[in-house]
>>> print(open('query.cif').read())   # mmCIF, C-alpha atoms, pLDDT in the B column; chains and numbers go by the auth columns
data_start
loop_
_atom_site.group_PDB
_atom_site.id
_atom_site.type_symbol
_atom_site.label_atom_id
_atom_site.label_comp_id
_atom_site.label_asym_id
_atom_site.label_seq_id
_atom_site.Cartn_x
_atom_site.Cartn_y
_atom_site.Cartn_z
_atom_site.B_iso_or_equiv
_atom_site.auth_seq_id
_atom_site.auth_asym_id
ATOM 1 C CA MET A 1 -4.801 43.517 -19.123 63.00 158 A
ATOM 2 C CA LYS A 2 -1.118 44.295 -18.871 73.00 159 A
ATOM 3 C CA LYS A 3 1.494 41.960 -20.309 75.00 160 A
ATOM 4 C CA GLY A 4 3.089 41.395 -16.879 80.00 161 A
ATOM 5 C CA THR A 5 -0.238 40.419 -15.325 88.00 162 A
ATOM 6 C CA ARG A 6 -0.962 37.913 -18.093 89.00 163 A
ATOM 7 C CA THR A 7 2.477 36.341 -17.695 91.00 164 A
ATOM 8 C CA THR A 8 1.997 36.067 -13.941 92.00 165 A
ATOM 9 C CA LEU A 9 -1.370 34.335 -14.413 93.00 166 A
ATOM 10 C CA ILE A 10 0.131 31.896 -16.919 93.00 167 A
ATOM 11 C CA VAL A 11 2.992 31.048 -14.558 94.00 168 A
ATOM 12 C CA LEU A 12 0.588 30.501 -11.646 94.00 169 A
ATOM 13 C CA GLY A 13 -1.617 28.323 -13.862 94.00 170 A
ATOM 14 C CA VAL A 14 1.326 26.161 -14.920 95.00 171 A
ATOM 15 C CA ILE A 15 2.429 25.746 -11.296 94.00 172 A
ATOM 16 C CA ALA A 16 -1.118 24.759 -10.311 92.00 173 A
ATOM 17 C CA LEU A 17 -1.291 22.180 -13.117 92.00 174 A
ATOM 18 C CA VAL A 18 2.045 20.676 -12.097 89.00 175 A
ATOM 19 C CA LEU A 19 0.901 20.382 -8.482 84.00 176 A
ATOM 20 C CA ILE A 20 -2.380 18.770 -9.553 84.00 177 A
ATOM 21 C CA PHE A 21 -0.470 16.328 -11.768 83.00 178 A
ATOM 22 C CA ILE A 22 1.817 15.379 -8.883 80.00 179 A
ATOM 23 C CA ALA A 23 -1.130 14.958 -6.509 77.00 180 A
ATOM 24 C CA PHE A 24 -3.083 12.650 -8.805 77.00 181 A
ATOM 25 C CA PHE A 25 -0.317 10.549 -10.310 76.00 182 A
ATOM 26 C CA THR A 26 1.888 9.738 -7.346 75.00 183 A
ATOM 27 C CA GLU A 27 1.226 6.784 -5.116 69.00 184 A
ATOM 28 C CA THR A 28 1.455 7.708 -1.482 65.00 185 A
ATOM 29 C CA GLU A 29 0.821 5.168 1.211 63.00 186 A
ATOM 30 C CA ILE A 30 0.435 6.167 4.825 64.00 187 A
ATOM 31 C CA ARG A 31 0.704 3.322 7.260 69.00 188 A
ATOM 32 C CA ILE A 32 0.249 3.764 10.984 66.00 189 A
ATOM 33 C CA GLU A 33 1.219 0.964 13.332 64.00 190 A
ATOM 34 C CA VAL A 34 0.695 1.286 17.048 64.00 191 A
ATOM 35 C CA ASN A 35 2.312 -1.205 19.416 58.00 192 A
ATOM 36 C CA THR A 36 3.261 -3.537 16.588 56.00 193 A
ATOM 37 C CA LYS A 37 4.183 -6.411 18.911 55.00 194 A
ATOM 38 C CA SER A 38 0.768 -6.483 20.572 50.00 195 A
ATOM 39 C CA ALA A 39 -1.276 -5.251 17.609 49.00 196 A
ATOM 40 C CA THR A 40 -3.826 -7.533 16.011 55.00 197 A
ATOM 41 C CA PRO A 41 -2.126 -9.737 13.418 64.00 198 A
ATOM 42 C CA GLU A 42 -3.131 -9.511 9.782 76.00 199 A
ATOM 43 C CA TYR A 43 -4.523 -13.069 9.793 80.00 200 A
ATOM 44 C CA SER A 44 -6.290 -14.934 12.594 81.00 201 A
ATOM 45 C CA THR A 45 -5.319 -18.465 11.618 84.00 202 A
ATOM 46 C CA PHE A 46 -2.865 -20.310 9.432 83.00 203 A
ATOM 47 C CA ASP A 47 -5.685 -21.443 7.113 86.00 204 A
ATOM 48 C CA GLU A 48 -6.990 -17.887 6.681 86.00 205 A
ATOM 49 C CA CYS A 49 -3.474 -16.693 5.888 86.00 206 A
ATOM 50 C CA ARG A 50 -2.914 -19.435 3.333 84.00 207 A
ATOM 51 C CA LEU A 51 -6.261 -18.785 1.614 85.00 208 A
ATOM 52 C CA ARG A 52 -5.877 -15.006 1.382 85.00 209 A
ATOM 53 C CA GLU A 53 -2.251 -15.143 0.269 84.00 210 A
ATOM 54 C CA ALA A 54 -3.100 -17.705 -2.423 83.00 211 A
ATOM 55 C CA GLN A 55 -5.808 -15.367 -3.748 84.00 212 A
ATOM 56 C CA LYS A 56 -3.380 -12.448 -4.106 82.00 213 A
ATOM 57 C CA CYS A 57 -1.150 -13.816 -6.866 76.00 214 A
ATOM 58 C CA SER A 58 -1.307 -15.604 -10.197 70.00 215 A
ATOM 59 C CA PRO A 59 -2.217 -19.310 -10.211 69.00 216 A
ATOM 60 C CA VAL A 60 1.360 -20.447 -10.824 69.00 217 A
ATOM 61 C CA ASP A 61 3.015 -21.525 -7.545 74.00 218 A
ATOM 62 C CA CYS A 62 0.561 -19.528 -5.425 79.00 219 A
ATOM 63 C CA LYS A 63 -0.260 -22.336 -3.046 80.00 220 A
ATOM 64 C CA VAL A 64 3.396 -23.126 -2.401 82.00 221 A
ATOM 65 C CA ASN A 65 4.345 -19.484 -1.894 83.00 222 A
ATOM 66 C CA ALA A 66 1.335 -18.872 0.362 84.00 223 A
ATOM 67 C CA ARG A 67 2.110 -21.939 2.475 85.00 224 A
ATOM 68 C CA THR A 68 5.767 -20.925 2.809 88.00 225 A
ATOM 69 C CA TYR A 69 4.918 -17.337 3.797 87.00 226 A
ATOM 70 C CA CYS A 70 2.259 -18.397 6.299 88.00 227 A
ATOM 71 C CA SER A 71 4.564 -21.035 7.778 88.00 228 A
ATOM 72 C CA GLU A 72 7.145 -18.319 8.412 88.00 229 A
ATOM 73 C CA LEU A 73 4.500 -16.195 10.137 85.00 230 A
ATOM 74 C CA ARG A 74 3.386 -19.171 12.230 84.00 231 A
ATOM 75 C CA ASP A 75 6.982 -19.837 13.291 87.00 232 A
ATOM 76 C CA LYS A 76 7.248 -16.202 14.430 84.00 233 A
ATOM 77 C CA GLY A 77 4.049 -16.580 16.474 80.00 234 A
ATOM 78 C CA GLU A 78 2.045 -14.085 14.423 77.00 235 A
ATOM 79 C CA PHE A 79 -1.309 -15.888 14.678 74.00 236 A
ATOM 80 C CA LYS A 80 -3.817 -15.407 17.515 64.00 237 A
ATOM 81 C CA GLU A 81 -4.477 -19.159 17.787 55.00 238 A
#
>>> encode(input="query.cif", output="structure tokens")
Amino acid sequence: MKKGTRTTLIVLGVIALVLIFIAFFTETEIRIEVNTKSATPEYSTFDECRLREAQKCSPVDCKVNARTYCSELRDKGEFKE
């Protein structure tokens, strides 16, 4: 094998490893929203919102933060009720 061919293979291998590293260790989120005003809301009711939001965080101040967040959503008319 010629020296130039070996160098080319090494360079291609390094590029492939870098691309694999980028693919596995980057967080990419794709979010598609269609007709966001009329789309189904994330939570059906105020109680469901409060319960799920309280389960997402640590026990300290979760209930208060969940109630505040869900109250803001309710004021915006985000629930199907």
>>> resolve_selection(input="query.cif", expression="the PyMOL selection byres ((chain A and resi 227) around 10)", output="ChimeraX atom specification")
/A:200,202-208,210,221-226,228-233,235-236
>>> atom_distance(input="query.cif", atom1="atom CA of A:Leu166", atom2="atom CA of A:Ile179")
20.0 Å
>>> atom_distance(input="query.cif", atom1="atom CA of A:Phe181", atom2="atom CA of A:Leu169")
18.4 Å
>>> atom_distance(input="query.cif", atom1="atom CA of A:Thr165", atom2="atom CA of A:Phe178")
20.0 Å
